[in-house]
file model03.cif (mmCIF, N, CA and C atoms)
data_protein
#
loop_
_atom_site.label_atom_id
_atom_site.label_comp_id
_atom_site.auth_asym_id
_atom_site.auth_seq_id
_atom_site.Cartn_x
_atom_site.Cartn_y
_atom_site.Cartn_z
N MET A 150 91.95 74.28 105.83
CA MET A 150 92.73 75.41 105.31
C MET A 150 93.99 74.85 104.66
N ILE A 151 94.27 75.34 103.47
CA ILE A 151 95.48 74.93 102.77
C ILE A 151 96.20 76.18 102.27
N TYR A 152 97.52 76.08 102.16
CA TYR A 152 98.36 77.20 101.77
C TYR A 152 99.04 76.88 100.45
N ILE A 153 99.15 77.88 99.58
CA ILE A 153 99.86 77.72 98.32
C ILE A 153 100.67 78.98 98.06
N THR A 154 101.84 78.79 97.48
CA THR A 154 102.78 79.91 97.29
C THR A 154 103.15 80.05 95.82
N ARG A 155 103.19 81.29 95.39
CA ARG A 155 103.65 81.64 94.04
C ARG A 155 104.94 82.44 94.18
N LYS A 156 105.96 82.07 93.39
CA LYS A 156 107.25 82.75 93.41
C LYS A 156 107.36 83.63 92.17
N GLU A 157 107.81 84.86 92.36
CA GLU A 157 108.07 85.79 91.27
C GLU A 157 109.43 86.45 91.53
N HIS A 158 109.87 87.25 90.60
CA HIS A 158 111.21 87.84 90.67
C HIS A 158 111.17 89.26 90.11
N PHE A 159 111.95 90.15 90.71
CA PHE A 159 112.15 91.48 90.12
C PHE A 159 113.51 92.01 90.54
N ASN A 160 114.02 92.94 89.76
CA ASN A 160 115.29 93.61 90.05
C ASN A 160 115.00 95.08 90.31
N ALA A 161 115.62 95.64 91.32
CA ALA A 161 115.39 97.05 91.61
C ALA A 161 116.59 97.62 92.38
N ALA A 162 116.71 98.94 92.27
CA ALA A 162 117.76 99.68 92.98
C ALA A 162 117.12 100.49 94.10
N HIS A 163 117.90 100.77 95.12
CA HIS A 163 117.45 101.66 96.19
C HIS A 163 118.65 102.18 96.96
N LYS A 164 118.36 103.07 97.86
CA LYS A 164 119.37 103.61 98.78
C LYS A 164 118.69 103.75 100.13
N LEU A 165 119.37 103.32 101.17
CA LEU A 165 118.89 103.54 102.52
C LEU A 165 119.62 104.76 103.06
N PHE A 166 118.84 105.78 103.39
CA PHE A 166 119.43 107.05 103.77
C PHE A 166 118.39 107.86 104.52
N ASN A 167 118.71 108.29 105.71
CA ASN A 167 117.82 109.15 106.48
C ASN A 167 118.26 110.59 106.26
N PRO A 168 117.46 111.41 105.57
CA PRO A 168 117.88 112.77 105.23
C PRO A 168 118.11 113.68 106.43
N SER A 169 117.58 113.31 107.59
CA SER A 169 117.79 114.14 108.77
C SER A 169 119.12 113.81 109.47
N TRP A 170 119.82 112.79 109.00
CA TRP A 170 121.11 112.42 109.57
C TRP A 170 122.25 112.94 108.70
N SER A 171 123.43 113.01 109.31
CA SER A 171 124.63 113.36 108.55
C SER A 171 125.00 112.19 107.63
N GLU A 172 125.83 112.50 106.65
CA GLU A 172 126.31 111.44 105.75
C GLU A 172 127.08 110.38 106.54
N GLU A 173 127.84 110.81 107.53
CA GLU A 173 128.62 109.88 108.36
C GLU A 173 127.70 108.95 109.15
N GLN A 174 126.63 109.50 109.74
CA GLN A 174 125.71 108.67 110.52
C GLN A 174 124.99 107.66 109.61
N ASN A 175 124.59 108.13 108.42
CA ASN A 175 123.96 107.21 107.47
C ASN A 175 124.91 106.08 107.09
N GLU A 176 126.15 106.42 106.84
CA GLU A 176 127.13 105.41 106.47
C GLU A 176 127.38 104.44 107.62
N THR A 177 127.40 104.95 108.85
CA THR A 177 127.60 104.09 110.01
C THR A 177 126.44 103.11 110.17
N VAL A 178 125.22 103.59 110.02
CA VAL A 178 124.04 102.74 110.23
C VAL A 178 123.76 101.83 109.03
N PHE A 179 123.83 102.39 107.82
CA PHE A 179 123.40 101.65 106.63
C PHE A 179 124.54 101.08 105.80
N GLY A 180 125.78 101.48 106.09
CA GLY A 180 126.93 100.94 105.38
C GLY A 180 126.83 101.17 103.88
N LYS A 181 127.14 100.12 103.10
CA LYS A 181 127.11 100.22 101.64
C LYS A 181 125.72 100.54 101.11
N CYS A 182 124.70 100.24 101.88
CA CYS A 182 123.32 100.51 101.44
C CYS A 182 123.03 102.01 101.35
N ALA A 183 123.89 102.84 101.93
CA ALA A 183 123.71 104.29 101.86
C ALA A 183 124.50 104.90 100.69
N ASN A 184 125.02 104.07 99.82
CA ASN A 184 125.81 104.54 98.68
C ASN A 184 125.06 105.62 97.92
N LYS A 185 125.69 106.77 97.74
CA LYS A 185 125.02 107.90 97.08
C LYS A 185 124.64 107.58 95.64
N ASN A 186 125.27 106.59 95.04
CA ASN A 186 124.97 106.19 93.67
C ASN A 186 124.04 104.98 93.60
N TRP A 187 123.38 104.67 94.71
CA TRP A 187 122.39 103.58 94.77
C TRP A 187 123.08 102.22 94.73
N HIS A 188 122.29 101.19 94.87
CA HIS A 188 122.73 99.81 94.71
C HIS A 188 121.50 98.98 94.40
N GLY A 189 121.70 97.79 93.85
CA GLY A 189 120.55 97.00 93.42
C GLY A 189 120.51 95.60 94.00
N HIS A 190 119.34 94.99 93.86
CA HIS A 190 119.11 93.63 94.32
C HIS A 190 118.31 92.86 93.28
N ASN A 191 118.51 91.57 93.28
CA ASN A 191 117.69 90.65 92.50
C ASN A 191 116.72 90.02 93.50
N TYR A 192 115.56 90.63 93.65
CA TYR A 192 114.59 90.22 94.66
C TYR A 192 113.85 88.95 94.23
N GLU A 193 113.63 88.05 95.18
CA GLU A 193 112.77 86.88 95.00
C GLU A 193 111.55 87.10 95.89
N LEU A 194 110.38 87.05 95.30
CA LEU A 194 109.13 87.31 96.01
C LEU A 194 108.31 86.03 96.08
N PHE A 195 107.90 85.67 97.30
CA PHE A 195 107.03 84.53 97.52
C PHE A 195 105.72 85.05 98.11
N VAL A 196 104.62 84.80 97.42
CA VAL A 196 103.30 85.23 97.87
C VAL A 196 102.54 83.96 98.26
N THR A 197 102.22 83.84 99.55
CA THR A 197 101.48 82.67 100.04
C THR A 197 100.06 83.08 100.34
N VAL A 198 99.13 82.32 99.77
CA VAL A 198 97.71 82.53 100.02
C VAL A 198 97.15 81.29 100.70
N LYS A 199 96.01 81.47 101.37
CA LYS A 199 95.39 80.35 102.07
C LYS A 199 93.89 80.38 101.85
N GLY A 200 93.29 79.24 102.03
CA GLY A 200 91.85 79.16 101.89
C GLY A 200 91.40 77.72 101.79
N GLU A 201 90.15 77.57 101.47
CA GLU A 201 89.57 76.24 101.28
C GLU A 201 89.66 75.87 99.80
N ILE A 202 89.77 74.61 99.54
CA ILE A 202 89.85 74.13 98.16
C ILE A 202 88.46 74.17 97.54
N ASN A 203 88.37 74.77 96.37
CA ASN A 203 87.12 74.80 95.62
C ASN A 203 86.89 73.39 95.07
N PRO A 204 85.79 72.74 95.42
CA PRO A 204 85.57 71.36 94.97
C PRO A 204 85.40 71.23 93.45
N GLU A 205 85.05 72.31 92.78
CA GLU A 205 84.88 72.25 91.34
C GLU A 205 86.20 72.35 90.58
N THR A 206 87.17 73.08 91.14
CA THR A 206 88.45 73.27 90.45
C THR A 206 89.60 72.51 91.10
N GLY A 207 89.47 72.21 92.39
CA GLY A 207 90.58 71.61 93.13
C GLY A 207 91.61 72.63 93.57
N PHE A 208 91.33 73.92 93.36
CA PHE A 208 92.26 75.01 93.68
C PHE A 208 91.80 75.82 94.88
N VAL A 209 92.77 76.41 95.58
CA VAL A 209 92.48 77.52 96.49
C VAL A 209 92.29 78.77 95.63
N VAL A 210 93.23 78.98 94.74
CA VAL A 210 93.15 80.04 93.72
C VAL A 210 93.75 79.48 92.43
N ASN A 211 93.38 80.05 91.34
CA ASN A 211 93.98 79.71 90.07
C ASN A 211 95.35 80.38 90.02
N LEU A 212 96.41 79.58 89.99
CA LEU A 212 97.77 80.13 90.06
C LEU A 212 98.11 80.98 88.84
N LYS A 213 97.52 80.68 87.71
CA LYS A 213 97.75 81.53 86.54
C LYS A 213 97.19 82.93 86.79
N GLU A 214 96.00 83.00 87.37
CA GLU A 214 95.41 84.31 87.70
C GLU A 214 96.21 85.01 88.78
N LEU A 215 96.69 84.27 89.78
CA LEU A 215 97.50 84.87 90.84
C LEU A 215 98.81 85.41 90.26
N SER A 216 99.45 84.64 89.38
CA SER A 216 100.67 85.11 88.75
C SER A 216 100.43 86.38 87.95
N THR A 217 99.35 86.42 87.19
CA THR A 217 99.02 87.60 86.40
C THR A 217 98.83 88.81 87.30
N LEU A 218 98.12 88.62 88.42
CA LEU A 218 97.91 89.70 89.38
C LEU A 218 99.23 90.22 89.94
N ILE A 219 100.09 89.32 90.39
CA ILE A 219 101.37 89.71 90.98
C ILE A 219 102.23 90.44 89.95
N ARG A 220 102.29 89.91 88.76
CA ARG A 220 103.12 90.55 87.73
C ARG A 220 102.58 91.93 87.37
N ARG A 221 101.28 92.02 87.14
CA ARG A 221 100.69 93.30 86.71
C ARG A 221 100.80 94.36 87.79
N ASP A 222 100.49 94.00 89.04
CA ASP A 222 100.35 95.00 90.10
C ASP A 222 101.58 95.16 90.98
N VAL A 223 102.53 94.21 90.89
CA VAL A 223 103.73 94.31 91.74
C VAL A 223 105.00 94.30 90.90
N THR A 224 105.29 93.19 90.26
CA THR A 224 106.61 93.12 89.62
C THR A 224 106.75 94.09 88.46
N ASP A 225 105.70 94.30 87.68
CA ASP A 225 105.81 95.29 86.60
C ASP A 225 105.99 96.70 87.15
N VAL A 226 105.49 96.95 88.34
CA VAL A 226 105.62 98.26 88.99
C VAL A 226 107.04 98.46 89.55
N LEU A 227 107.64 97.38 90.05
CA LEU A 227 108.93 97.48 90.75
C LEU A 227 110.14 97.10 89.90
N ASP A 228 109.95 96.27 88.90
CA ASP A 228 111.08 95.71 88.17
C ASP A 228 111.86 96.78 87.40
N HIS A 229 113.18 96.75 87.60
CA HIS A 229 114.11 97.69 86.98
C HIS A 229 113.77 99.14 87.28
N LYS A 230 113.34 99.37 88.52
CA LYS A 230 113.03 100.73 88.97
C LYS A 230 113.97 101.11 90.11
N ASN A 231 114.06 102.40 90.35
CA ASN A 231 114.71 102.93 91.54
C ASN A 231 113.59 103.09 92.56
N LEU A 232 113.61 102.29 93.61
CA LEU A 232 112.51 102.29 94.59
C LEU A 232 112.37 103.63 95.29
N ASN A 233 113.45 104.37 95.43
CA ASN A 233 113.38 105.68 96.07
C ASN A 233 112.72 106.73 95.19
N LEU A 234 112.88 106.60 93.88
CA LEU A 234 112.47 107.68 92.97
C LEU A 234 111.32 107.34 92.03
N ASP A 235 111.18 106.08 91.63
CA ASP A 235 110.30 105.74 90.52
C ASP A 235 108.95 105.12 90.90
N VAL A 236 108.75 104.80 92.17
CA VAL A 236 107.57 104.01 92.54
C VAL A 236 106.64 104.85 93.43
N ALA A 237 105.50 105.20 92.86
CA ALA A 237 104.51 105.98 93.60
C ALA A 237 104.02 105.20 94.82
N GLY A 238 103.97 105.88 95.96
CA GLY A 238 103.46 105.27 97.18
C GLY A 238 104.49 104.48 97.99
N MET A 239 105.70 104.33 97.45
CA MET A 239 106.74 103.61 98.18
C MET A 239 107.17 104.45 99.39
N PRO A 240 107.33 103.83 100.56
CA PRO A 240 107.82 104.59 101.72
C PRO A 240 109.16 105.26 101.42
N VAL A 241 109.40 106.37 102.09
CA VAL A 241 110.64 107.13 101.89
C VAL A 241 111.86 106.24 102.12
N MET A 242 111.78 105.35 103.09
CA MET A 242 112.88 104.42 103.38
C MET A 242 112.51 103.06 102.81
N PRO A 243 112.95 102.73 101.59
CA PRO A 243 112.54 101.48 100.96
C PRO A 243 113.38 100.27 101.40
N SER A 244 113.39 100.04 102.71
CA SER A 244 114.05 98.85 103.24
C SER A 244 113.27 97.62 102.77
N THR A 245 113.86 96.47 102.88
CA THR A 245 113.16 95.24 102.48
C THR A 245 111.89 95.07 103.29
N GLU A 246 111.93 95.44 104.56
CA GLU A 246 110.74 95.37 105.41
C GLU A 246 109.61 96.23 104.84
N ASN A 247 109.95 97.47 104.49
CA ASN A 247 108.92 98.38 103.96
C ASN A 247 108.44 97.96 102.57
N VAL A 248 109.32 97.38 101.76
CA VAL A 248 108.89 96.91 100.44
C VAL A 248 107.91 95.75 100.60
N ALA A 249 108.15 94.85 101.55
CA ALA A 249 107.23 93.74 101.80
C ALA A 249 105.84 94.26 102.22
N ILE A 250 105.81 95.24 103.09
CA ILE A 250 104.52 95.82 103.51
C ILE A 250 103.84 96.51 102.33
N PHE A 251 104.61 97.22 101.51
CA PHE A 251 104.09 97.86 100.32
C PHE A 251 103.40 96.83 99.41
N ILE A 252 104.05 95.69 99.20
CA ILE A 252 103.49 94.63 98.37
C ILE A 252 102.23 94.06 99.01
N TRP A 253 102.26 93.81 100.30
CA TRP A 253 101.08 93.30 101.02
C TRP A 253 99.88 94.22 100.78
N ASN A 254 100.12 95.51 100.94
CA ASN A 254 99.02 96.47 100.80
C ASN A 254 98.43 96.49 99.39
N ILE A 255 99.23 96.20 98.40
CA ILE A 255 98.73 96.11 97.02
C ILE A 255 97.88 94.86 96.83
N LEU A 256 98.33 93.73 97.38
CA LEU A 256 97.73 92.43 97.05
C LEU A 256 96.59 91.98 97.96
N GLN A 257 96.55 92.43 99.19
CA GLN A 257 95.62 91.86 100.17
C GLN A 257 94.17 91.83 99.68
N LYS A 258 93.61 92.95 99.31
CA LYS A 258 92.21 93.00 98.90
C LYS A 258 91.97 92.26 97.59
N LYS A 259 92.92 92.36 96.68
CA LYS A 259 92.75 91.73 95.37
C LYS A 259 92.74 90.21 95.49
N ILE A 260 93.52 89.67 96.40
CA ILE A 260 93.51 88.22 96.62
C ILE A 260 92.22 87.81 97.32
N LYS A 261 91.75 88.64 98.23
CA LYS A 261 90.46 88.36 98.87
C LYS A 261 89.34 88.31 97.83
N ASP A 262 89.41 89.22 96.85
CA ASP A 262 88.42 89.23 95.77
C ASP A 262 88.50 87.96 94.91
N MET A 263 89.63 87.26 94.96
CA MET A 263 89.79 86.00 94.24
C MET A 263 89.24 84.82 95.04
N GLY A 264 88.80 85.08 96.28
CA GLY A 264 88.23 84.02 97.10
C GLY A 264 89.21 83.36 98.06
N ALA A 265 90.37 83.97 98.24
CA ALA A 265 91.37 83.43 99.17
C ALA A 265 91.82 84.55 100.11
N MET A 266 92.76 84.22 100.99
CA MET A 266 93.31 85.21 101.92
C MET A 266 94.83 85.25 101.74
N LEU A 267 95.38 86.44 101.74
CA LEU A 267 96.83 86.59 101.70
C LEU A 267 97.37 86.18 103.07
N HIS A 268 98.28 85.22 103.08
CA HIS A 268 98.84 84.71 104.33
C HIS A 268 100.19 85.35 104.63
N CYS A 269 101.07 85.43 103.61
CA CYS A 269 102.44 85.87 103.87
C CYS A 269 103.07 86.43 102.61
N ILE A 270 103.85 87.47 102.80
CA ILE A 270 104.78 87.96 101.80
C ILE A 270 106.17 87.63 102.31
N LYS A 271 106.92 86.87 101.54
CA LYS A 271 108.33 86.60 101.86
C LYS A 271 109.13 87.22 100.74
N LEU A 272 110.05 88.11 101.10
CA LEU A 272 110.83 88.83 100.12
C LEU A 272 112.31 88.64 100.41
N TYR A 273 113.00 87.96 99.50
CA TYR A 273 114.45 87.79 99.60
C TYR A 273 115.13 88.97 98.93
N GLU A 274 115.97 89.65 99.69
CA GLU A 274 116.79 90.73 99.16
C GLU A 274 118.11 90.16 98.63
N THR A 275 118.66 89.20 99.36
CA THR A 275 119.87 88.48 98.98
C THR A 275 119.65 87.02 99.35
N ASP A 276 120.60 86.17 99.00
CA ASP A 276 120.49 84.77 99.40
C ASP A 276 120.49 84.61 100.93
N SER A 277 121.07 85.58 101.62
CA SER A 277 121.20 85.49 103.08
C SER A 277 120.16 86.29 103.85
N ASN A 278 119.50 87.26 103.20
CA ASN A 278 118.58 88.16 103.90
C ASN A 278 117.19 88.12 103.28
N TYR A 279 116.21 87.87 104.12
CA TYR A 279 114.83 87.97 103.66
C TYR A 279 113.94 88.41 104.79
N VAL A 280 112.76 88.87 104.42
CA VAL A 280 111.78 89.31 105.41
C VAL A 280 110.47 88.58 105.12
N GLU A 281 109.73 88.29 106.18
CA GLU A 281 108.39 87.72 106.06
C GLU A 281 107.41 88.68 106.72
N TYR A 282 106.29 88.90 106.06
CA TYR A 282 105.26 89.79 106.61
C TYR A 282 103.92 89.09 106.53
N PHE A 283 103.21 89.09 107.67
CA PHE A 283 101.92 88.41 107.79
C PHE A 283 100.77 89.40 107.99
N GLY A 284 101.01 90.66 107.72
CA GLY A 284 99.95 91.66 107.85
C GLY A 284 99.71 92.13 109.26
N GLU A 285 100.61 91.86 110.15
CA GLU A 285 100.43 92.24 111.55
C GLU A 285 101.37 93.35 111.93
#

call {"tool": "encode", "arguments": {"input": "model03.cif", "output": "structure tokens"}}
result
Amino acid sequence: MIYITRKEHFNAAHKLFNPSWSEEQNETVFGKCANKNWHGHNYELFVTVKGEINPETGFVVNLKELSTLIRRDVTDVLDHKNLNLDVAGMPVMPSTENVAIFIWNILQKKIKDMGAMLHCIKLYETDSNYVEYFGE
């Protein structure tokens, strides 16, 4: 088993806000992330796949095909969007954790169809904060 990772990038805005809470409670829990005028991030996305090396190509997957898949089905969908308003199927609370799961759900079967397995989604929200999701 070998692992290979493709890095992509997108920019998006969101707001963390629980509508059943008061504005004060949202501000206490989410701080600046509850800004009523939204805020944005320059997300770095790492998609790690695993599998056996194809003896004919030397690849687990063709990285050009993987990049095309990620761009078409993920970054083109999310880039320069408001995650709360513009993205069909996005959870109501578009935290980095939920965005990572959203991406996993888009890519898992499509990567399997390429002959590999999705191992991990790593999503950097900032240089200091990132989430990893392994489908569990």

call {"tool": "closest_atom_pairs", "arguments": {"input": "model03.cif", "of": "segment 175-200 of chain A", "to": "segment 260-274 of chain A", "cutoff": "12 Å", "atoms": "only C-alpha atoms", "output": "JSON lines"}}
result
{"residue": "A:Cys182", "atom": "CA", "partner": "A:Glu274", "partner_atom": "CA", "distance": 12.0}
{"residue": "A:His188", "atom": "CA", "partner": "A:Glu274", "partner_atom": "CA", "distance": 11.7}
{"residue": "A:Gly189", "atom": "CA", "partner": "A:Glu274", "partner_atom": "CA", "distance": 9.3}
{"residue": "A:His190", "atom": "CA", "partner": "A:Glu274", "partner_atom": "CA", "distance": 6.1}
{"residue": "A:Asn191", "atom": "CA", "partner": "A:Glu274", "partner_atom": "CA", "distance": 6.7}
{"residue": "A:Tyr192", "atom": "CA", "partner": "A:Glu274", "partner_atom": "CA", "distance": 5.0}
{"residue": "A:Glu193", "atom": "CA", "partner": "A:Tyr273", "partner_atom": "CA", "distance": 5.0}
{"residue": "A:Leu194", "atom": "CA", "partner": "A:Leu272", "partner_atom": "CA", "distance": 4.7}
{"residue": "A:Phe195", "atom": "CA", "partner": "A:Lys271", "partner_atom": "CA", "distance": 5.0}
{"residue": "A:Val196", "atom": "CA", "partner": "A:Ile270", "partner_atom": "CA", "distance": 5.0}
{"residue": "A:Thr197", "atom": "CA", "partner": "A:Cys269", "partner_atom": "CA", "distance": 5.1}
{"residue": "A:Val198", "atom": "CA", "partner": "A:Leu267", "partner_atom": "CA", "distance": 4.5}
{"residue": "A:Lys199", "atom": "CA", "partner": "A:Met266", "partner_atom": "CA", "distance": 5.3}
{"residue": "A:Gly200", "atom": "CA", "partner": "A:Ala265", "partner_atom": "CA", "distance": 5.1}

call {"tool": "select_by_dssp", "arguments": {"input": "model03.cif", "residues": "chain A", "states": "strand (DSSP E)", "output": "JSON list (two decimals) with N, CA and C atoms, keeping the file's coordinate frame"}}
result
[["chain", "number", "residue", "atom", "x", "y", "z"],
["A", 151, "ILE", "N", 94.27, 75.34, 103.47],
["A", 151, "ILE", "CA", 95.48, 74.93, 102.77],
["A", 151, "ILE", "C", 96.20, 76.18, 102.27],
["A", 152, "TYR", "N", 97.52, 76.08, 102.16],
["A", 152, "TYR", "CA", 98.36, 77.20, 101.77],
["A", 152, "TYR", "C", 99.04, 76.88, 100.45],
["A", 153, "ILE", "N", 99.15, 77.88, 99.58],
["A", 153, "ILE", "CA", 99.86, 77.72, 98.32],
["A", 153, "ILE", "C", 100.67, 78.98, 98.06],
["A", 154, "THR", "N", 101.84, 78.79, 97.48],
["A", 154, "THR", "CA", 102.78, 79.91, 97.29],
["A", 154, "THR", "C", 103.15, 80.05, 95.82],
["A", 155, "ARG", "N", 103.19, 81.29, 95.39],
["A", 155, "ARG", "CA", 103.65, 81.64, 94.04],
["A", 155, "ARG", "C", 104.94, 82.44, 94.18],
["A", 156, "LYS", "N", 105.96, 82.07, 93.39],
["A", 156, "LYS", "CA", 107.25, 82.75, 93.41],
["A", 156, "LYS", "C", 107.36, 83.63, 92.17],
["A", 157, "GLU", "N", 107.81, 84.86, 92.36],
["A", 157, "GLU", "CA", 108.07, 85.79, 91.27],
["A", 157, "GLU", "C", 109.43, 86.45, 91.53],
["A", 158, "HIS", "N", 109.87, 87.25, 90.60],
["A", 158, "HIS", "CA", 111.21, 87.84, 90.67],
["A", 158, "HIS", "C", 111.17, 89.26, 90.11],
["A", 159, "PHE", "N", 111.95, 90.15, 90.71],
["A", 159, "PHE", "CA", 112.15, 91.48, 90.12],
["A", 159, "PHE", "C", 113.51, 92.01, 90.54],
["A", 160, "ASN", "N", 114.02, 92.94, 89.76],
["A", 160, "ASN", "CA", 115.29, 93.61, 90.05],
["A", 160, "ASN", "C", 115.00, 95.08, 90.31],
["A", 161, "ALA", "N", 115.62, 95.64, 91.32],
["A", 161, "ALA", "CA", 115.39, 97.05, 91.61],
["A", 161, "ALA", "C", 116.59, 97.62, 92.38],
["A", 162, "ALA", "N", 116.71, 98.94, 92.27],
["A", 162, "ALA", "CA", 117.76, 99.68, 92.98],
["A", 162, "ALA", "C", 117.12, 100.49, 94.10],
["A", 163, "HIS", "N", 117.90, 100.77, 95.12],
["A", 163, "HIS", "CA", 117.45, 101.66, 96.19],
["A", 163, "HIS", "C", 118.65, 102.18, 96.96],
["A", 188, "HIS", "N", 122.29, 101.19, 94.87],
["A", 188, "HIS", "CA", 122.73, 99.81, 94.71],
["A", 188, "HIS", "C", 121.50, 98.98, 94.40],
["A", 189, "GLY", "N", 121.70, 97.79, 93.85],
["A", 189, "GLY", "CA", 120.55, 97.00, 93.42],
["A", 189, "GLY", "C", 120.51, 95.60, 94.00],
["A", 190, "HIS", "N", 119.34, 94.99, 93.86],
["A", 190, "HIS", "CA", 119.11, 93.63, 94.32],
["A", 190, "HIS", "C", 118.31, 92.86, 93.28],
["A", 191, "ASN", "N", 118.51, 91.57, 93.28],
["A", 191, "ASN", "CA", 117.69, 90.65, 92.50],
["A", 191, "ASN", "C", 116.72, 90.02, 93.50],
["A", 192, "TYR", "N", 115.56, 90.63, 93.65],
["A", 192, "TYR", "CA", 114.59, 90.22, 94.66],
["A", 192, "TYR", "C", 113.85, 88.95, 94.23],
["A", 193, "GLU", "N", 113.63, 88.05, 95.18],
["A", 193, "GLU", "CA", 112.77, 86.88, 95.00],
["A", 193, "GLU", "C", 111.55, 87.10, 95.89],
["A", 194, "LEU", "N", 110.38, 87.05, 95.30],
["A", 194, "LEU", "CA", 109.13, 87.31, 96.01],
["A", 194, "LEU", "C", 108.31, 86.03, 96.08],
["A", 195, "PHE", "N", 107.90, 85.67, 97.30],
["A", 195, "PHE", "CA", 107.03, 84.53, 97.52],
["A", 195, "PHE", "C", 105.72, 85.05, 98.11],
["A", 196, "VAL", "N", 104.62, 84.80, 97.42],
["A", 196, "VAL", "CA", 103.30, 85.23, 97.87],
["A", 196, "VAL", "C", 102.54, 83.96, 98.26],
["A", 197, "THR", "N", 102.22, 83.84, 99.55],
["A", 197, "THR", "CA", 101.48, 82.67, 100.04],
["A", 197, "THR", "C", 100.06, 83.08, 100.34],
["A", 198, "VAL", "N", 99.13, 82.32, 99.77],
["A", 198, "VAL", "CA", 97.71, 82.53, 100.02],
["A", 198, "VAL", "C", 97.15, 81.29, 100.70],
["A", 199, "LYS", "N", 96.01, 81.47, 101.37],
["A", 199, "LYS", "CA", 95.39, 80.35, 102.07],
["A", 199, "LYS", "C", 93.89, 80.38, 101.85],
["A", 200, "GLY", "N", 93.29, 79.24, 102.03],
["A", 200, "GLY", "CA", 91.85, 79.16, 101.89],
["A", 200, "GLY", "C", 91.40, 77.72, 101.79],
["A", 230, "LYS", "N", 113.34, 99.37, 88.52],
["A", 230, "LYS", "CA", 113.03, 100.73, 88.97],
["A", 230, "LYS", "C", 113.97, 101.11, 90.11],
["A", 231, "ASN", "N", 114.06, 102.40, 90.35],
["A", 231, "ASN", "CA", 114.71, 102.93, 91.54],
["A", 231, "ASN", "C", 113.59, 103.09, 92.56],
["A", 266, "MET", "N", 92.76, 84.22, 100.99],
["A", 266, "MET", "CA", 93.31, 85.21, 101.92],
["A", 266, "MET", "C", 94.83, 85.25, 101.74],
["A", 267, "LEU", "N", 95.38, 86.44, 101.74],
["A", 267, "LEU", "CA", 96.83, 86.59, 101.70],
["A", 267, "LEU", "C", 97.37, 86.18, 103.07],
["A", 268, "HIS", "N", 98.28, 85.22, 103.08],
["A", 268, "HIS", "CA", 98.84, 84.71, 104.33],
["A", 268, "HIS", "C", 100.19, 85.35, 104.63],
["A", 269, "CYS", "N", 101.07, 85.43, 103.61],
["A", 269, "CYS", "CA", 102.44, 85.87, 103.87],
["A", 269, "CYS", "C", 103.07, 86.43, 102.61],
["A", 270, "ILE", "N", 103.85, 87.47, 102.80],
["A", 270, "ILE", "CA", 104.78, 87.96, 101.80],
["A", 270, "ILE", "C", 106.17, 87.63, 102.31],
["A", 271, "LYS", "N", 106.92, 86.87, 101.54],
["A", 271, "LYS", "CA", 108.33, 86.60, 101.86],
["A", 271, "LYS", "C", 109.13, 87.22, 100.74],
["A", 272, "LEU", "N", 110.05, 88.11, 101.10],
["A", 272, "LEU", "CA", 110.83, 88.83, 100.12],
["A", 272, "LEU", "C", 112.31, 88.64, 100.41],
["A", 273, "TYR", "N", 113.00, 87.96, 99.50],
["A", 273, "TYR", "CA", 114.45, 87.79, 99.60],
["A", 273, "TYR", "C", 115.13, 88.97, 98.93],
["A", 279, "TYR", "N", 116.21, 87.87, 104.12],
["A", 279, "TYR", "CA", 114.83, 87.97, 103.66],
["A", 279, "TYR", "C", 113.94, 88.41, 104.79],
["A", 280, "VAL", "N", 112.76, 88.87, 104.42],
["A", 280, "VAL", "CA", 111.78, 89.31, 105.41],
["A", 280, "VAL", "C", 110.47, 88.58, 105.12],
["A", 281, "GLU", "N", 109.73, 88.29, 106.18],
["A", 281, "GLU", "CA", 108.39, 87.72, 106.06],
["A", 281, "GLU", "C", 107.41, 88.68, 106.72],
["A", 282, "TYR", "N", 106.29, 88.90, 106.06],
["A", 282, "TYR", "CA", 105.26, 89.79, 106.61],
["A", 282, "TYR", "C", 103.92, 89.09, 106.53]]

call {"tool": "atom_distance", "arguments": {"input": "model03.cif", "atom1": "atom C of Ile252 of chain A", "atom2": "atom C of Val223 of chain A"}}
result
8.6 Å

call {"tool": "residues_around", "arguments": {"input": "model03.cif", "residues": "segment 166-168 of chain A", "least_positions_apart": "4", "cutoff": "6.5 Å", "atoms": "all atoms listed in the file", "output": "tab-separated table (two decimals) with N, CA and C atoms, in the frame of the given file"}}
result
chain	number	residue	atom	x	y	z
A	175	ASN	N	124.59	108.13	108.42
A	175	ASN	CA	123.96	107.21	107.47
A	175	ASN	C	124.91	106.08	107.09
A	182	CYS	N	124.70	100.24	101.88
A	182	CYS	CA	123.32	100.51	101.44
A	182	CYS	C	123.03	102.01	101.35
A	183	ALA	N	123.89	102.84	101.93
A	183	ALA	CA	123.71	104.29	101.86
A	183	ALA	C	124.50	104.90	100.69
A	242	MET	N	111.78	105.35	103.09
A	242	MET	CA	112.88	104.42	103.38
A	242	MET	C	112.51	103.06	102.81

call {"tool": "closest_residue", "arguments": {"input": "model03.cif", "among": "A:Tyr152, A:Lys185, A:Tyr282, A:Val209", "to": "Ile250 of chain A", "atoms": "all atoms listed in the file"}}
result
A:Tyr282

call {"tool": "closest_residue", "arguments": {"input": "model03.cif", "among": "A:Lys156, A:Lys164, A:Lys213, A:Asp222", "to": "Gln257 of chain A", "atoms": "only C-alpha atoms"}}
result
A:Asp222

call {"tool": "atom_distance", "arguments": {"input": "model03.cif", "atom1": "atom C of Phe251 of chain A", "atom2": "atom CA of Gly284 of chain A"}}
result
10.5 Å

call {"tool": "select_by_dssp", "arguments": {"input": "model03.cif", "residues": "chain A", "states": "helix (DSSP H, G or I)", "output": "PyMOL selection string"}}
result
chain A and resi 172-183+212-227+245-262
